[in-house]
Structures are given as C-alpha cells and as structure tokens.
Amino acid sequence: MSLSPAGHRCYQEVQKSSGRINLATAALYIAQEEYWDMEPRVYLEALDDMAAAVRSRLPKGRYPLKVIQVLNQYLFDELKFAGNSQNYYDPDNSLLNCVIDRRLGIPITLSLVYLEIANRVQFPMVGVGMPGHFLVRPVVDEMEVFVDPFNQGETLFLADCQQRFSQMFPSGEWRDSYFNGVMQRTFLTRMLMNLKFAYVQLEAESQQMRDRGLLHHRLENFELARQDLERYLRSHPTPPDSYQIQQILERISRG
C-alpha cells in the first residue's frame, strides 16, 4: 500500500532509533493527512514560543513541583488550554495543530503539548498511559507525582491514580505497570487508535443523522428531514448516497 507524502514523512520519523523520534513532528505529519496544507514548522515554532514564555517565568531553583506550577499557570490559566469534555470524540481533538489552535484536546494530545514544552525547558517528563486516561510525570528519582493535563494540570499521587482507575474500572485489576513511561512509538500508536475511534464515532453519528432524516421524510416531517439531511451532507461531504439525498432535498424544496 502506497503512503501519502505526509504518511511517508511520519513513517520515516518513527523509523528513527528509540529516543530520537520527535513526537510533535510525527503528530503533525499525522495531522497533515486531514489538513494537507498545514505547515508543521508553524506549530513547532508555536511550541518553541510557549516554551520560551515558560522559561522566562521559571525560578532559579527548579524544584519539580514549582516547575509544574509554572507550566500549569501558563498553559491552563493564561492560555486556557482545556479538555474538550463536551465534544470529546471530535477528531480535531486528536490532531496536534487543532489542539494548539483551539486550545482544546483529549488527555493524550494535551499531554503531548505539556511534554513538548517541559522538555524544551529541560524538565524531562514522560507520558503515562493509564487505561482510559493519559497523564504525564517528571523523570525525577524517588518522586512519584503525576500531572493530568486534561483536568487543568491537576497534581496526583499514586493513591489518587489508583482511586481514579477503580472509579473507571470497578472490576478491573490494578497493575503497577500502568505507571510505566510510554515510549514514543507506543505514544503515537495510541494517538492513532484514538483518532481512528473518533472517525468511527463520527461516521456512526452521521449515519444516524441520515437515517433520522429519511424517517422524518417518510413521516412527512419535511422541515426536520431537511435539517437532518443537510447536516448529514455537511458532516459527510462525499457520501456514496449524496445524489439520492440531494434529490430528496430538492423535492422538499419544491414542496
């Protein structure tokens, strides 16, 4: 199977040796599949600018919790990055350029922004792929503290993470391996799985919208049918049944 130019660039990036993969660059190549005219350099520079702003605010003594406080104040209080809980499965939440533009995302993409800025100010952090959620933690010996970028940078400790896991998976069995740092390829794989699921959800919602519109048409609720079918075409610009849907809309317009 041949790859698109963006797909080829992403493939080349992930073929690098472990530790040399640039997560932000690879994530932007993934986003280029949807936003083909997007320039990754612009967003890498945006991350550089954010890191420069954080660097200027850091105290001389870089105590880990103080660095986290500065990061949180800048990203969440000043820039207003936030978790998109209202429209969680919007594919744009999984595309790094959109997350930077809209300052909305899901746990893993907000974690990516957090990681990229932290690493640029020489405060190494890693992603933590808990089931059903994603956190980051500083790479500091004998310090087990976690940050939740989806929830305004909330600081968590081991017991907090275990409690959250129990709330999400009441019958699940906790494993200490959930605290392990996520390597770059695994990180990108999880991003792609989230994006795939988002598109599956979007497709399912658009199909439901179409079916509801057709049902309204059959019941002669023509205004409701028009609203649903037009919304279906907007959300799904080139569906295989677009000709048939357009004919129905034309008949509704003619009355």
# chains A, B, ... in the order shown; residues from 1 in each chain; ligands from 1

$ select_by_dssp --residues "range 44-178 of chain A" --states "strand (DSSP E)" --output "ChimeraX atom specification"
/A:82-83,104-105,125-128,135-138,145-148,154-157

$ residues_around --residues "range 30-36 of chain A" --least-positions-apart "4" --cutoff "12 Å" --atoms "only C-alpha atoms" --output "PyMOL selection string"
chain A and resi 3-11+13-14+23-26+40-41+43+91-100+109+188-189+191-193+195-196+199

$ residues_around --residues "range 52-60 of chain A" --least-positions-apart "5" --cutoff "10 Å" --atoms "only C-alpha atoms" --output "list in words"
Ala46, Leu47, Lys66, Val67, Ile68, Gln69, Val70, Leu71, Asn72, Gln73, Tyr74, Leu75, Ile117, Ala118, Arg120, Val121 and Gln122 of chain A

$ select_by_dssp --residues "range 52-207 of chain A" --states "alpha helix (DSSP H)" --output "JSON, numbers by chain"
{"A": [52, 53, 54, 55, 56, 57, 64, 65, 66, 67, 68, 69, 70, 71, 72, 96, 97, 98, 99, 100, 101, 102, 107, 108, 109, 110, 111, 112, 113, 114, 115, 116, 117, 118, 119, 120, 158, 159, 160, 161, 162, 163, 164, 165, 166, 167, 168, 184, 185, 186, 187, 188, 189, 190, 191, 192, 193, 194, 195, 196, 197, 198, 199, 200, 201, 202, 203, 204, 205, 206, 207]}

$ write_last_selection --atoms "C-alpha atoms" --output "PDB file, in the first residue's frame"
ATOM      1  CA  ALA A  52      10.254  30.433  25.853  1.00  0.00           C
ATOM      2  CA  ALA A  53       7.402  32.028  27.793  1.00  0.00           C
ATOM      3  CA  VAL A  54       7.566  29.282  30.437  1.00  0.00           C
ATOM      4  CA  ARG A  55      11.357  29.552  30.638  1.00  0.00           C
ATOM      5  CA  SER A  56      11.122  33.267  31.396  1.00  0.00           C
ATOM      6  CA  ARG A  57       8.825  32.515  34.345  1.00  0.00           C
ATOM      7  CA  PRO A  64       9.909  19.944  40.285  1.00  0.00           C
ATOM      8  CA  LEU A  65       6.636  20.997  41.893  1.00  0.00           C
ATOM      9  CA  LYS A  66       7.459  24.645  41.249  1.00  0.00           C
ATOM     10  CA  VAL A  67       8.167  23.947  37.564  1.00  0.00           C
ATOM     11  CA  ILE A  68       4.859  22.090  37.304  1.00  0.00           C
ATOM     12  CA  GLN A  69       3.099  25.047  38.937  1.00  0.00           C
ATOM     13  CA  VAL A  70       4.594  27.453  36.382  1.00  0.00           C
ATOM     14  CA  LEU A  71       3.650  25.155  33.498  1.00  0.00           C
ATOM     15  CA  ASN A  72       0.101  24.836  34.797  1.00  0.00           C
ATOM     16  CA  LEU A  96      -1.954  18.465  17.247  1.00  0.00           C
ATOM     17  CA  ASN A  97      -2.330  21.531  15.023  1.00  0.00           C
ATOM     18  CA  CYS A  98      -6.001  21.847  16.010  1.00  0.00           C
ATOM     19  CA  VAL A  99      -5.207  21.337  19.689  1.00  0.00           C
ATOM     20  CA  ILE A 100      -2.699  24.206  19.540  1.00  0.00           C
ATOM     21  CA  ASP A 101      -5.067  26.437  17.537  1.00  0.00           C
ATOM     22  CA  ARG A 102      -8.223  25.777  19.554  1.00  0.00           C
ATOM     23  CA  PRO A 107      -5.804  13.623  27.503  1.00  0.00           C
ATOM     24  CA  ILE A 108      -3.108  12.312  25.181  1.00  0.00           C
ATOM     25  CA  THR A 109      -2.848  15.372  22.927  1.00  0.00           C
ATOM     26  CA  LEU A 110      -2.881  17.810  25.835  1.00  0.00           C
ATOM     27  CA  SER A 111      -0.219  15.609  27.416  1.00  0.00           C
ATOM     28  CA  LEU A 112       1.802  15.888  24.221  1.00  0.00           C
ATOM     29  CA  VAL A 113       1.718  19.696  24.382  1.00  0.00           C
ATOM     30  CA  TYR A 114       2.716  19.537  28.058  1.00  0.00           C
ATOM     31  CA  LEU A 115       5.587  17.137  27.361  1.00  0.00           C
ATOM     32  CA  GLU A 116       6.927  19.151  24.441  1.00  0.00           C
ATOM     33  CA  ILE A 117       7.070  22.370  26.446  1.00  0.00           C
ATOM     34  CA  ALA A 118       8.524  20.671  29.530  1.00  0.00           C
ATOM     35  CA  ASN A 119      11.267  19.013  27.505  1.00  0.00           C
ATOM     36  CA  ARG A 120      12.105  22.299  25.763  1.00  0.00           C
ATOM     37  CA  LEU A 158      -0.072   7.075  43.436  1.00  0.00           C
ATOM     38  CA  ALA A 159      -3.164   6.636  45.583  1.00  0.00           C
ATOM     39  CA  ASP A 160      -5.050   9.216  43.507  1.00  0.00           C
ATOM     40  CA  CYS A 161      -4.268   7.355  40.272  1.00  0.00           C
ATOM     41  CA  GLN A 162      -5.328   4.031  41.750  1.00  0.00           C
ATOM     42  CA  GLN A 163      -8.565   5.553  43.027  1.00  0.00           C
ATOM     43  CA  ARG A 164      -9.312   7.049  39.612  1.00  0.00           C
ATOM     44  CA  PHE A 165      -8.665   3.668  37.972  1.00  0.00           C
ATOM     45  CA  SER A 166     -11.066   1.979  40.409  1.00  0.00           C
ATOM     46  CA  GLN A 167     -13.751   4.548  39.601  1.00  0.00           C
ATOM     47  CA  MET A 168     -13.403   3.955  35.853  1.00  0.00           C
ATOM     48  CA  GLN A 184       7.432   7.327  21.505  1.00  0.00           C
ATOM     49  CA  ARG A 185       6.142   4.651  19.110  1.00  0.00           C
ATOM     50  CA  THR A 186       3.593   3.457  21.667  1.00  0.00           C
ATOM     51  CA  PHE A 187       2.553   7.056  22.266  1.00  0.00           C
ATOM     52  CA  LEU A 188       1.937   7.623  18.547  1.00  0.00           C
ATOM     53  CA  THR A 189       0.137   4.289  18.183  1.00  0.00           C
ATOM     54  CA  ARG A 190      -2.256   5.267  20.958  1.00  0.00           C
ATOM     55  CA  MET A 191      -2.832   8.637  19.284  1.00  0.00           C
ATOM     56  CA  LEU A 192      -3.703   6.882  16.031  1.00  0.00           C
ATOM     57  CA  MET A 193      -6.071   4.482  17.783  1.00  0.00           C
ATOM     58  CA  ASN A 194      -7.855   7.426  19.414  1.00  0.00           C
ATOM     59  CA  LEU A 195      -8.104   9.179  16.050  1.00  0.00           C
ATOM     60  CA  LYS A 196      -9.459   6.040  14.375  1.00  0.00           C
ATOM     61  CA  PHE A 197     -12.097   5.655  17.091  1.00  0.00           C
ATOM     62  CA  ALA A 198     -13.050   9.329  16.733  1.00  0.00           C
ATOM     63  CA  TYR A 199     -13.646   8.886  12.991  1.00  0.00           C
ATOM     64  CA  VAL A 200     -15.666   5.708  13.615  1.00  0.00           C
ATOM     65  CA  GLN A 201     -17.821   7.620  16.103  1.00  0.00           C
ATOM     66  CA  LEU A 202     -18.231  10.499  13.658  1.00  0.00           C
ATOM     67  CA  GLU A 203     -19.276   8.116  10.890  1.00  0.00           C
ATOM     68  CA  ALA A 204     -21.797   6.413  13.183  1.00  0.00           C
ATOM     69  CA  GLU A 205     -23.288   9.766  14.205  1.00  0.00           C
ATOM     70  CA  SER A 206     -23.606  10.940  10.596  1.00  0.00           C
ATOM     71  CA  GLN A 207     -25.322   7.681   9.611  1.00  0.00           C
TER      72      GLN A 207
END

$ closest_residue --among "A:Tyr63, A:Leu214, A:Thr238, A:Leu44" --to "Tyr29 in chain A" --atoms "only C-alpha atoms"
A:Leu44

$ atom_distance --atom1 "CA of Arg234 in chain A" --atom2 "CA of Gly255 in chain A"
22.1 Å

$ residues_around --residues "Val147 in chain A" --least-positions-apart "4" --cutoff "9 Å" --atoms "only C-alpha atoms" --output "list in words"
Ile68, Ser111, Leu135, Val136, Arg137, Pro138, Asn151, Gln152, Gly153, Glu154, Thr155, Leu156 and Phe157 of chain A

$ residues_around --residues "Ala82 in chain A" --least-positions-apart "3" --cutoff "7 Å" --atoms "only C-alpha atoms" --output "mmCIF file with all heavy atoms, in the first residue's frame"
data_model
loop_
_atom_site.group_PDB
_atom_site.id
_atom_site.type_symbol
_atom_site.label_atom_id
_atom_site.label_comp_id
_atom_site.auth_asym_id
_atom_site.auth_seq_id
_atom_site.Cartn_x
_atom_site.Cartn_y
_atom_site.Cartn_z
ATOM 1 N N PHE A 76 -2.811 26.602 31.450
ATOM 2 C CA PHE A 76 -4.232 26.467 31.765
ATOM 3 C C PHE A 76 -4.876 27.754 32.267
ATOM 4 O O PHE A 76 -6.043 28.011 31.971
ATOM 5 C CB PHE A 76 -4.431 25.331 32.765
ATOM 6 C CG PHE A 76 -3.819 24.034 32.299
ATOM 7 C CD1 PHE A 76 -2.777 23.451 32.996
ATOM 8 C CD2 PHE A 76 -4.264 23.430 31.146
ATOM 9 C CE1 PHE A 76 -2.201 22.270 32.552
ATOM 10 C CE2 PHE A 76 -3.690 22.249 30.682
ATOM 11 C CZ PHE A 76 -2.653 21.673 31.392
ATOM 12 N N ARG A 103 -6.822 25.192 21.462
ATOM 13 C CA ARG A 103 -6.501 25.009 22.873
ATOM 14 C C ARG A 103 -7.504 24.083 23.550
ATOM 15 O O ARG A 103 -7.885 24.278 24.712
ATOM 16 C CB ARG A 103 -6.368 26.355 23.593
ATOM 17 C CG ARG A 103 -5.230 27.171 22.977
ATOM 18 C CD ARG A 103 -5.034 28.532 23.576
ATOM 19 N NE ARG A 103 -3.974 29.237 22.834
ATOM 20 C CZ ARG A 103 -3.594 30.474 23.056
ATOM 21 N NH1 ARG A 103 -4.194 31.172 24.004
ATOM 22 N NH2 ARG A 103 -2.636 31.037 22.350
ATOM 23 N N LEU A 104 -7.922 23.096 22.789
ATOM 24 C CA LEU A 104 -8.815 22.044 23.271
ATOM 25 C C LEU A 104 -8.249 20.702 22.819
ATOM 26 O O LEU A 104 -7.713 20.583 21.718
ATOM 27 C CB LEU A 104 -10.220 22.204 22.688
ATOM 28 C CG LEU A 104 -11.112 23.307 23.235
ATOM 29 C CD1 LEU A 104 -12.379 23.400 22.391
ATOM 30 C CD2 LEU A 104 -11.472 23.036 24.692
ATOM 31 N N GLY A 105 -8.412 19.690 23.665
ATOM 32 C CA GLY A 105 -7.928 18.385 23.264
ATOM 33 C C GLY A 105 -8.424 17.294 24.184
ATOM 34 O O GLY A 105 -9.253 17.522 25.076
ATOM 35 N N PHE A 150 -5.521 17.004 31.095
ATOM 36 C CA PHE A 150 -6.931 17.099 30.693
ATOM 37 C C PHE A 150 -7.750 17.819 31.754
ATOM 38 O O PHE A 150 -8.777 18.417 31.447
ATOM 39 C CB PHE A 150 -7.502 15.707 30.448
ATOM 40 C CG PHE A 150 -8.895 15.707 29.865
ATOM 41 C CD1 PHE A 150 -9.097 15.994 28.520
ATOM 42 C CD2 PHE A 150 -9.999 15.414 30.649
ATOM 43 C CE1 PHE A 150 -10.372 16.002 27.971
ATOM 44 C CE2 PHE A 150 -11.277 15.417 30.108
ATOM 45 C CZ PHE A 150 -11.469 15.713 28.766
ATOM 46 N N GLN A 152 -6.803 20.459 33.814
ATOM 47 C CA GLN A 152 -6.152 21.695 34.237
ATOM 48 C C GLN A 152 -4.843 21.469 34.993
ATOM 49 O O GLN A 152 -4.469 22.250 35.862
ATOM 50 C CB GLN A 152 -7.105 22.524 35.092
ATOM 51 C CG GLN A 152 -8.397 22.908 34.376
ATOM 52 C CD GLN A 152 -8.138 23.887 33.229
ATOM 53 O OE1 GLN A 152 -7.739 25.013 33.454
ATOM 54 N NE2 GLN A 152 -8.360 23.440 32.005
#

$ closest_residue --among "A:Phe222, A:Asn87, A:Ala27, A:Asp77" --to "Arg254 in chain A" --atoms "only C-alpha atoms"
A:Phe222

$ atom_distance --atom1 "CA of Leu215 in chain A" --atom2 "CA of Gln86 in chain A"
27.4 Å

$ atom_distance --atom1 "CA of Leu233 in chain A" --atom2 "CA of Glu250 in chain A"
13.5 Å
